[in-house]
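Peer 1: Quick one: the structure is below, and I'll ask about it shortly.
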There are 2 protein chains.
Amino acid sequence: MEKNEKHKFMQKVIEMAIRNVEEGKGGPFAAIIVKNGKIIAEGTNMVTSANDPSAHAEITAIRRACKTLKTFHLEDCEIYTSCEPCPMCLGAIYWARISKIYYACNRKDASEAGFDDSKFYEEVCKRPPDRSIKMEKLLSEEGKKAFDKWLQKEDRIPY
Amino acid sequence: MEKNEKHKFMQKVIEMAIRNVEEGKGGPFAAIIVKNGKIIAEGTNMVTSANDPSAHAEITAIRRACKTLKTFHLEDCEIYTSCEPCPMCLGAIYWARISKIYYACNRKDASEAGFDDSKFYEEVCKRPPDRSIKMEKLLSEEGKKAFDKWLQKEDRIPY
C-alpha cells in the first residue's frame, strides 16, 4: 500500500469518527476494513445508540465485512481505526485473522478523553484473582464435556 | 446466590454448550446473564453459523441482555459462561460493567480443544510492536480532532 493511499484511508476514518460524534451515534471512533486496496466495510461506535456495549467501530466493521464476504475470517484484510483497538476489539481482530492494523490515536489519548481502554488493558492482563471483576470457577470437570463433544464431532468447523 | 442456584445455572450453561455442538451452530461455548436471580439472556457461540467472529457466547448473551433491558450497561448482572472468557469477551464484560463472572473451564482447557484463547491473551498483553499482527501508527495528531469534538459536545453520553 502506498503512503498516500494509507493516509487517504486514515483521513476518511478520522472524518467518520468526527461525524459520528456530531450525529450523536456514539463515541469518537471509526474503522474501515480494506481488502486489495478497496474498502469493503465501514463501522463507527454505536454503543449508546444501539444499546450494545460490543458495538465498537472495529467490531461493527468486522461484522459487516464478514457479512459481505460471507466468511468468519478476514485473512487478506487490513483494518484502519481512528484509535488503537481496546482489548475487546483487538481480540476480535485476532479471531478474524486480520493481517494488519493501522491506527491514529492510542489508549493514552482515549484515556484523556474519558475512555477506559487503558484501564481495561491492565485488567485483562492481570491474573484472574487480581482483577476488579470477581471470577469464580464452578463445575470445571463437568464443563469439559462440551469440549469432549466438540473433539468427537467429525464435521466440526474450527475458527 | 446460594451454592445450589449457582450450580444450577452453570449446569444449564454446560448443557447449552453441548447442544450447540450437537446442532452444529458453532464452538462448544454458552453463557447466560443473570439479574436478581433470574436469567435475562442466553447466548451460544455462533461464529461459524452466523459468519461473525465476534459472536462468542458471552458477547451474544450481553447483546441480548442489553436489548432486553434497553441499556448499554449491566451493572447488576452476573455472567455464567462454560469457559473462561477470551480477551475479546472479557473486554466486553468490562465495557458492559457486569459485576461477576462464573466460569467452568479455563483457557488451558480451550487450548487443548484447539482454540486460541490462551495465545490471544499472550498477544493482547504484549507491547504493540511485539505482537504477531503488525500495527502502524498514522496521522495521530489529526486523529485527536475526533476526541476534541467529543470533549466539546455538551450532551455526550459516556459509556
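As shown in the C-alpha cells, the chain order sets the letters A, B, ...; within each chain, residues go from 1, and ligands are also counted from 1 in the order they appear.
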Please find the residues of chain B near chain A - the criterion being any atom within 7 Å, counting only C-alpha atoms - and write them as a ChimeraX atom specification.
Peer 2: /B:14,17-18,21,28,47-48,51-54,63,66-67,70-72,82,87-92,95-96,99-105,113,120,124-125,133-140,143-144,146-147,149-151
Peer 1: Would you give me, as a VMD selection string, the residues in stretch 4-152 of chain B that DSSP reads as helix (DSSP H, G or I)?
Peer 2: chain B and resid 4 to 22 47 to 50 57 to 69 87 to 95 107 to 112 117 to 124 128 to 130 140 to 152
Peer 1: Would you put the residues from that selection into a file with C-alpha atoms, as a PDB file, in the first residue's frame?
Peer 2:
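The result, stored in again.pdb:
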```pdb
ATOM      1  CA  ASN B   4     -27.190 -24.775  44.601  1.00  0.00           C
ATOM      2  CA  GLU B   5     -28.535 -21.926  42.499  1.00  0.00           C
ATOM      3  CA  LYS B   6     -25.110 -21.183  41.089  1.00  0.00           C
ATOM      4  CA  HIS B   7     -24.563 -24.829  40.214  1.00  0.00           C
ATOM      5  CA  LYS B   8     -27.985 -24.997  38.572  1.00  0.00           C
ATOM      6  CA  PHE B   9     -27.160 -22.033  36.338  1.00  0.00           C
ATOM      7  CA  MET B  10     -23.767 -23.446  35.402  1.00  0.00           C
ATOM      8  CA  GLN B  11     -25.224 -26.875  34.711  1.00  0.00           C
ATOM      9  CA  LYS B  12     -27.681 -25.260  32.308  1.00  0.00           C
ATOM     10  CA  VAL B  13     -24.858 -23.358  30.559  1.00  0.00           C
ATOM     11  CA  ILE B  14     -22.843 -26.556  30.105  1.00  0.00           C
ATOM     12  CA  GLU B  15     -25.865 -28.316  28.611  1.00  0.00           C
ATOM     13  CA  MET B  16     -26.389 -25.371  26.230  1.00  0.00           C
ATOM     14  CA  ALA B  17     -22.737 -25.620  25.138  1.00  0.00           C
ATOM     15  CA  ILE B  18     -23.061 -29.346  24.431  1.00  0.00           C
ATOM     16  CA  ARG B  19     -26.282 -28.802  22.481  1.00  0.00           C
ATOM     17  CA  ASN B  20     -24.643 -26.012  20.475  1.00  0.00           C
ATOM     18  CA  VAL B  21     -22.083 -28.522  19.189  1.00  0.00           C
ATOM     19  CA  GLU B  22     -24.710 -31.171  18.500  1.00  0.00           C
ATOM     20  CA  VAL B  47     -19.168 -17.752  14.894  1.00  0.00           C
ATOM     21  CA  THR B  48     -19.360 -20.238  12.037  1.00  0.00           C
ATOM     22  CA  SER B  49     -23.133 -20.320  11.544  1.00  0.00           C
ATOM     23  CA  ALA B  50     -23.565 -16.520  11.674  1.00  0.00           C
ATOM     24  CA  ALA B  57     -21.351 -16.942  23.700  1.00  0.00           C
ATOM     25  CA  GLU B  58     -20.640 -14.111  26.146  1.00  0.00           C
ATOM     26  CA  ILE B  59     -20.973 -11.311  23.591  1.00  0.00           C
ATOM     27  CA  THR B  60     -24.129 -12.873  22.185  1.00  0.00           C
ATOM     28  CA  ALA B  61     -25.641 -13.047  25.691  1.00  0.00           C
ATOM     29  CA  ILE B  62     -24.547  -9.472  26.525  1.00  0.00           C
ATOM     30  CA  ARG B  63     -26.078  -8.102  23.317  1.00  0.00           C
ATOM     31  CA  ARG B  64     -29.352  -9.851  24.044  1.00  0.00           C
ATOM     32  CA  ALA B  65     -29.439  -8.736  27.685  1.00  0.00           C
ATOM     33  CA  CYS B  66     -28.808  -5.116  26.663  1.00  0.00           C
ATOM     34  CA  LYS B  67     -31.507  -5.334  24.022  1.00  0.00           C
ATOM     35  CA  THR B  68     -33.978  -6.702  26.558  1.00  0.00           C
ATOM     36  CA  LEU B  69     -33.147  -4.112  29.216  1.00  0.00           C
ATOM     37  CA  PRO B  87      -9.756 -11.382  25.851  1.00  0.00           C
ATOM     38  CA  MET B  88     -12.456 -10.141  23.452  1.00  0.00           C
ATOM     39  CA  CYS B  89     -15.282 -11.342  25.681  1.00  0.00           C
ATOM     40  CA  LEU B  90     -13.557 -10.233  28.878  1.00  0.00           C
ATOM     41  CA  GLY B  91     -13.231  -6.778  27.336  1.00  0.00           C
ATOM     42  CA  ALA B  92     -16.944  -6.809  26.500  1.00  0.00           C
ATOM     43  CA  ILE B  93     -17.743  -7.846  30.077  1.00  0.00           C
ATOM     44  CA  TYR B  94     -15.752  -4.867  31.392  1.00  0.00           C
ATOM     45  CA  TRP B  95     -17.405  -2.447  28.954  1.00  0.00           C
ATOM     46  CA  ARG B 107      -8.148 -21.078  28.696  1.00  0.00           C
ATOM     47  CA  LYS B 108      -5.909 -24.148  29.050  1.00  0.00           C
ATOM     48  CA  ASP B 109      -8.871 -26.472  28.530  1.00  0.00           C
ATOM     49  CA  ALA B 110      -9.843 -24.375  25.491  1.00  0.00           C
ATOM     50  CA  SER B 111      -6.313 -24.700  24.070  1.00  0.00           C
ATOM     51  CA  GLU B 112      -6.460 -28.473  24.417  1.00  0.00           C
ATOM     52  CA  ASP B 117      -7.836 -18.094  23.752  1.00  0.00           C
ATOM     53  CA  SER B 118      -4.575 -18.591  25.605  1.00  0.00           C
ATOM     54  CA  LYS B 119      -2.447 -17.470  22.652  1.00  0.00           C
ATOM     55  CA  PHE B 120      -4.575 -14.359  22.202  1.00  0.00           C
ATOM     56  CA  TYR B 121      -4.188 -13.460  25.900  1.00  0.00           C
ATOM     57  CA  GLU B 122      -0.429 -13.528  25.325  1.00  0.00           C
ATOM     58  CA  GLU B 123      -0.736 -11.384  22.195  1.00  0.00           C
ATOM     59  CA  VAL B 124      -3.076  -8.777  23.742  1.00  0.00           C
ATOM     60  CA  PRO B 128       2.113  -3.437  20.321  1.00  0.00           C
ATOM     61  CA  PRO B 129       5.442  -3.692  18.392  1.00  0.00           C
ATOM     62  CA  ASP B 130       5.957  -7.243  19.686  1.00  0.00           C
ATOM     63  CA  SER B 140      -2.061  10.611  15.199  1.00  0.00           C
ATOM     64  CA  GLU B 141      -2.275  14.384  15.642  1.00  0.00           C
ATOM     65  CA  GLU B 142      -5.083  14.628  13.101  1.00  0.00           C
ATOM     66  CA  GLY B 143      -6.875  11.772  14.877  1.00  0.00           C
ATOM     67  CA  LYS B 144      -7.118  13.731  18.109  1.00  0.00           C
ATOM     68  CA  LYS B 145      -9.641  16.039  16.427  1.00  0.00           C
ATOM     69  CA  ALA B 146     -12.277  13.335  16.982  1.00  0.00           C
ATOM     70  CA  PHE B 147     -11.554  13.361  20.732  1.00  0.00           C
ATOM     71  CA  ASP B 148     -11.618  17.179  20.753  1.00  0.00           C
ATOM     72  CA  LYS B 149     -15.032  17.067  19.101  1.00  0.00           C
ATOM     73  CA  TRP B 150     -16.200  14.582  21.750  1.00  0.00           C
ATOM     74  CA  LEU B 151     -14.989  16.693  24.681  1.00  0.00           C
ATOM     75  CA  GLN B 152     -16.655  19.790  23.199  1.00  0.00           C
TER      76      GLN B 152
END
```
Peer 1: What does the distance between atom CA of A:Asn36 and atom CA of A:Glu2 come to in Å, to one decimal place?
Peer 2: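 Between atom CA of A:Asn36 and atom CA of A:Glu2 the gap works out to 12.2 Å.
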Peer 1: One decimal, Å: what's the distance from atom CA of B:Asn45 over to atom CA of A:Met46, could you say?
Peer 2: 22.3 Å
Peer 1: According to DSSP computed on the backbone, where in stretch 39-139 of chain B is there strand (DSSP E or B)? Give the residues as a count of residues only.
Peer 2: 23
